[in-house]
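A.B. asks: First the structure, then my questions, so here it is.
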Amino acid sequence: MPGKDFALRITPQETATIADSTVGDLAQRLARRLVEAPSHPASDDPAQALALLHVLDHLKQATERLQQEAAVAAARAGAGYPQIGAACGMTRQGARRRWPGLFHHSHEKPTEHPKMTTPARPFDVLLVEDDMADAMLIEEALSERGARNLVQVTDGVAALEHLRTPGTPRPDLIVLDLNMPRMNGRDLLKVLKSDDDLQTIPVVVLTTSTAPDDVTGAYSSHANAYVTKPVNLDEFEQAVQSIDAFYLDTATRPRP
C-alpha cells in the first residue's frame, strides 16, 4: 500500500552487521584484483590498504547514487519523507535536507498530498522574510504541494520595489514576516492595504511574535491571516502548507 509505514523483519543492528560483512568482503576482493596482491600481504606493504581505501571510496559514491535513485523511486511509488527518512534511520527533515525536491515533479502528483490538483500555471508567491533558514523551510514546504514561483525579499522596501516593477507577475499570495530591517512587516502591510493596485492580494503574516498588539495591529491593517511560527519543524511545515492549501487551493482569488 503506498505510503504505509516502513518496517524491517530484522533490527537495524542486524542489518548493519550484514551490510558491513557483505561490503567488506566485496571491497577486499576488488582491492586484491586492482593490485594483484596475495591474499595475505606483508604488514608493512601499504598497497593493499590503499587499494581497499580506493575501492571503499568508490563504493560509497555508488551507494549515494543508488540511494538517490531509490529515494526518487520510493517517492514516485507513494512514500513520503517520513517513510524515506525512516528507511535510512533519519527524521523527515533529515530526509528532506538530504534529498530535496523529491516531490517537485510537474508530471507527477506530490505523493504526500495526493488530493491536490495541478494548477494551470505555477502559483506566484512573494515571501517577505529576512531569516534565511525560515525562508528555506518555507520554500521546501511550498514546493511539496506543487509548482510555485517563489520570490523572496528581505524587507518591505525590496518588496515594494519588486511589486511595482513593470512586467512583474502579480503574486497570488504574500507571506510576510513582521520584524525586518529598513521597512518592517507592520509598515509594509499598511502600504499594501492602502494601495489600490495591491490591496486585493492576500497577505498572511507568518511571524514568531505572539504579542497581542502585533496580532491586533495586523488585523487592523487588514491582514488576511496571522499565523505564529511554530518551533517544531514538522509543525512549521504543516502551518506553511495549511496557508498554501487554503489561499492557493481553496479560496477564490480576484482576477488580475
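Lettering and numbering for the C-alpha cells are positional, with chains as A, B, ... in the shown order, residues counted from 1 in each chain, and ligands counted from 1 in the shown order.
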From range 26-241 of chain A, collect each residue whose DSSP state is strand (DSSP E or B) and return the set as a list in words.

C.D. replies: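 Filtering range 26-241 of chain A to strand (DSSP E or B) leaves Phe123, Asp124, Val125, Leu126, Leu127, Val128, Arg148, Asn149, Leu150, Val151, Gln152, Val153, Leu173, Ile174, Val175, Leu176, Val203, Val204, Val205, Leu206, Thr207, Ala225, Tyr226, Val227 and Thr228 of chain A.
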
A.B. asks: Write to file, as a PDB file, in the first residue's frame, the residues of the selection just made, with C-alpha atoms.

C.D. replies:
ATOM      1  CA  PHE A 123       1.309  29.984  -8.434  1.00  0.00           C
ATOM      2  CA  ASP A 124       3.338  33.121  -7.713  1.00  0.00           C
ATOM      3  CA  VAL A 125       4.241  33.632  -4.067  1.00  0.00           C
ATOM      4  CA  LEU A 126       6.099  36.643  -2.664  1.00  0.00           C
ATOM      5  CA  LEU A 127       7.911  35.803   0.568  1.00  0.00           C
ATOM      6  CA  VAL A 128       8.996  38.817   2.631  1.00  0.00           C
ATOM      7  CA  ARG A 148       5.417  27.536  -7.120  1.00  0.00           C
ATOM      8  CA  ASN A 149       7.211  30.596  -8.444  1.00  0.00           C
ATOM      9  CA  LEU A 150       8.650  31.848  -5.160  1.00  0.00           C
ATOM     10  CA  VAL A 151      10.347  35.225  -4.934  1.00  0.00           C
ATOM     11  CA  GLN A 152      11.995  36.072  -1.625  1.00  0.00           C
ATOM     12  CA  VAL A 153      12.897  39.586  -0.482  1.00  0.00           C
ATOM     13  CA  LEU A 173      -0.123  35.264  -2.164  1.00  0.00           C
ATOM     14  CA  ILE A 174       2.197  37.344   0.014  1.00  0.00           C
ATOM     15  CA  VAL A 175       3.719  35.684   3.091  1.00  0.00           C
ATOM     16  CA  LEU A 176       5.011  38.381   5.417  1.00  0.00           C
ATOM     17  CA  VAL A 203      -1.364  38.748   2.809  1.00  0.00           C
ATOM     18  CA  VAL A 204      -0.633  36.195   5.519  1.00  0.00           C
ATOM     19  CA  VAL A 205       1.553  37.318   8.403  1.00  0.00           C
ATOM     20  CA  LEU A 206       3.867  34.461   9.432  1.00  0.00           C
ATOM     21  CA  THR A 207       5.950  35.518  12.409  1.00  0.00           C
ATOM     22  CA  ALA A 225      -4.469  35.924   8.405  1.00  0.00           C
ATOM     23  CA  TYR A 226      -1.971  35.920  11.262  1.00  0.00           C
ATOM     24  CA  VAL A 227      -0.009  32.719  11.872  1.00  0.00           C
ATOM     25  CA  THR A 228       2.608  32.254  14.578  1.00  0.00           C
TER      26      THR A 228
END

A.B. asks: Taking the DSSP assignment computed from this structure's backbone, write out as a PyMOL selection string all residues of range 62-204 of chain A that belong to alpha helix (DSSP H).

C.D. replies: chain A and resi 62-77+81-87+92-98+132-143+156-163+185-193

A.B. asks: Rounded to one decimal, what separation in Å do you get between CA of Leu178 in chain A and CA of Gly217 in chain A?

C.D. replies: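 Distance reported for this atom pair: 10.9 Å.
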
A.B. asks: List the neighbours of range 47-55 of chain A out to 8 Å using only C-alpha atoms; skip same-chain residues closer than 3 positions along the sequence, and give me the result as a PDB file with N, CA and C atoms, in the first residue's frame.

C.D. replies:
ATOM      1  N   ALA A  27      34.723  -5.460  -1.078  1.00  0.00           N
ATOM      2  CA  ALA A  27      35.817  -4.496  -1.208  1.00  0.00           C
ATOM      3  C   ALA A  27      37.172  -5.187  -1.186  1.00  0.00           C
ATOM      4  N   GLN A  28      37.333  -6.181  -0.333  1.00  0.00           N
ATOM      5  CA  GLN A  28      38.607  -6.904  -0.265  1.00  0.00           C
ATOM      6  C   GLN A  28      38.903  -7.621  -1.578  1.00  0.00           C
ATOM      7  N   LEU A  30      37.764  -6.826  -4.594  1.00  0.00           N
ATOM      8  CA  LEU A  30      38.064  -5.829  -5.626  1.00  0.00           C
ATOM      9  C   LEU A  30      39.458  -5.239  -5.435  1.00  0.00           C
ATOM     10  N   ALA A  31      39.830  -5.003  -4.193  1.00  0.00           N
ATOM     11  CA  ALA A  31      41.147  -4.426  -3.929  1.00  0.00           C
ATOM     12  C   ALA A  31      42.259  -5.382  -4.343  1.00  0.00           C
ATOM     13  N   ARG A  32      42.089  -6.678  -4.076  1.00  0.00           N
ATOM     14  CA  ARG A  32      43.107  -7.657  -4.470  1.00  0.00           C
ATOM     15  C   ARG A  32      43.231  -7.729  -5.983  1.00  0.00           C
ATOM     16  N   LEU A  34      42.674  -5.231  -8.027  1.00  0.00           N
ATOM     17  CA  LEU A  34      43.305  -3.999  -8.516  1.00  0.00           C
ATOM     18  C   LEU A  34      44.819  -4.045  -8.420  1.00  0.00           C
ATOM     19  N   VAL A  35      45.335  -4.605  -7.332  1.00  0.00           N
ATOM     20  CA  VAL A  35      46.793  -4.598  -7.128  1.00  0.00           C
ATOM     21  C   VAL A  35      47.421  -5.944  -7.398  1.00  0.00           C
ATOM     22  N   ALA A  37      47.494  -8.497  -5.594  1.00  0.00           N
ATOM     23  CA  ALA A  37      48.269  -8.832  -4.399  1.00  0.00           C
ATOM     24  C   ALA A  37      47.853 -10.197  -3.870  1.00  0.00           C
ATOM     25  N   PRO A  41      48.878 -10.006   2.330  1.00  0.00           N
ATOM     26  CA  PRO A  41      50.041  -9.178   2.029  1.00  0.00           C
ATOM     27  C   PRO A  41      50.877  -8.922   3.276  1.00  0.00           C
ATOM     28  N   HIS A  58      34.878   4.506  -3.765  1.00  0.00           N
ATOM     29  CA  HIS A  58      34.004   4.398  -4.936  1.00  0.00           C
ATOM     30  C   HIS A  58      32.712   3.661  -4.608  1.00  0.00           C
ATOM     31  N   LEU A  59      32.787   2.709  -3.685  1.00  0.00           N
ATOM     32  CA  LEU A  59      31.564   2.046  -3.252  1.00  0.00           C
ATOM     33  C   LEU A  59      30.649   3.027  -2.525  1.00  0.00           C
TER      34      LEU A  59
END

A.B. asks: Excluding Gln238 in chain A and its own-chain neighbours fewer than 3 positions away, which residues fall within 12 Å of it when counting only C-alpha atoms? Please give them as a list in words.

C.D. replies: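 The neighbour list is Glu112, His113, Leu137, Ile138, Glu140, Ala141, Leu142, Glu144, Arg145, Val227, Lys229, Pro230, Val231, Asn232, Leu233, Asp234, Glu235, Gln241, Ser242, Ile243, Asp244 and Ala245 of chain A.
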
A.B. asks: Write a file of the just-selected residues containing C-alpha atoms, as a PDB file, in the first residue's frame.

C.D. replies:
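Okay, this is what ended up in again34.pdb:
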ATOM      1  CA  GLU A 112       2.282  13.459   0.427  1.00  0.00           C
ATOM      2  CA  HIS A 113      -0.777  15.415  -0.763  1.00  0.00           C
ATOM      3  CA  LEU A 137      11.908  25.809   5.145  1.00  0.00           C
ATOM      4  CA  ILE A 138       9.014  27.784   3.681  1.00  0.00           C
ATOM      5  CA  GLU A 140      10.622  23.463   0.716  1.00  0.00           C
ATOM      6  CA  ALA A 141       7.172  23.195   2.306  1.00  0.00           C
ATOM      7  CA  LEU A 142       5.581  25.045  -0.614  1.00  0.00           C
ATOM      8  CA  GLU A 144       5.954  19.780  -1.949  1.00  0.00           C
ATOM      9  CA  ARG A 145       2.454  21.000  -2.789  1.00  0.00           C
ATOM     10  CA  VAL A 227      -0.009  32.719  11.872  1.00  0.00           C
ATOM     11  CA  LYS A 229       5.693  30.295  13.522  1.00  0.00           C
ATOM     12  CA  PRO A 230       5.829  27.009  15.455  1.00  0.00           C
ATOM     13  CA  VAL A 231       9.164  25.968  16.944  1.00  0.00           C
ATOM     14  CA  ASN A 232       8.764  22.309  15.927  1.00  0.00           C
ATOM     15  CA  LEU A 233       9.929  21.783  12.330  1.00  0.00           C
ATOM     16  CA  ASP A 234       7.106  19.430  11.372  1.00  0.00           C
ATOM     17  CA  GLU A 235       4.533  21.851  12.785  1.00  0.00           C
ATOM     18  CA  GLN A 241       1.252  24.049   3.833  1.00  0.00           C
ATOM     19  CA  SER A 242      -2.051  24.908   5.518  1.00  0.00           C
ATOM     20  CA  ILE A 243      -1.631  28.526   4.386  1.00  0.00           C
ATOM     21  CA  ASP A 244      -0.794  27.307   0.890  1.00  0.00           C
ATOM     22  CA  ALA A 245      -3.706  24.878   0.785  1.00  0.00           C
TER      23      ALA A 245
END

A.B. asks: Between A:Arg186, A:Arg92, A:Leu160, A:Leu102, which is the closest to Ala74 in chain A once you count only C-alpha atoms?

C.D. replies: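 So, comparing all the options, the nearest one is A:Leu102.
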
A.B. asks: One decimal, Å: what's the distance from CA of Met132 in chain A over to CA of Thr154 in chain A, could you say?

C.D. replies: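 Separation between CA of Met132 in chain A and CA of Thr154 in chain A: 8.9 Å.
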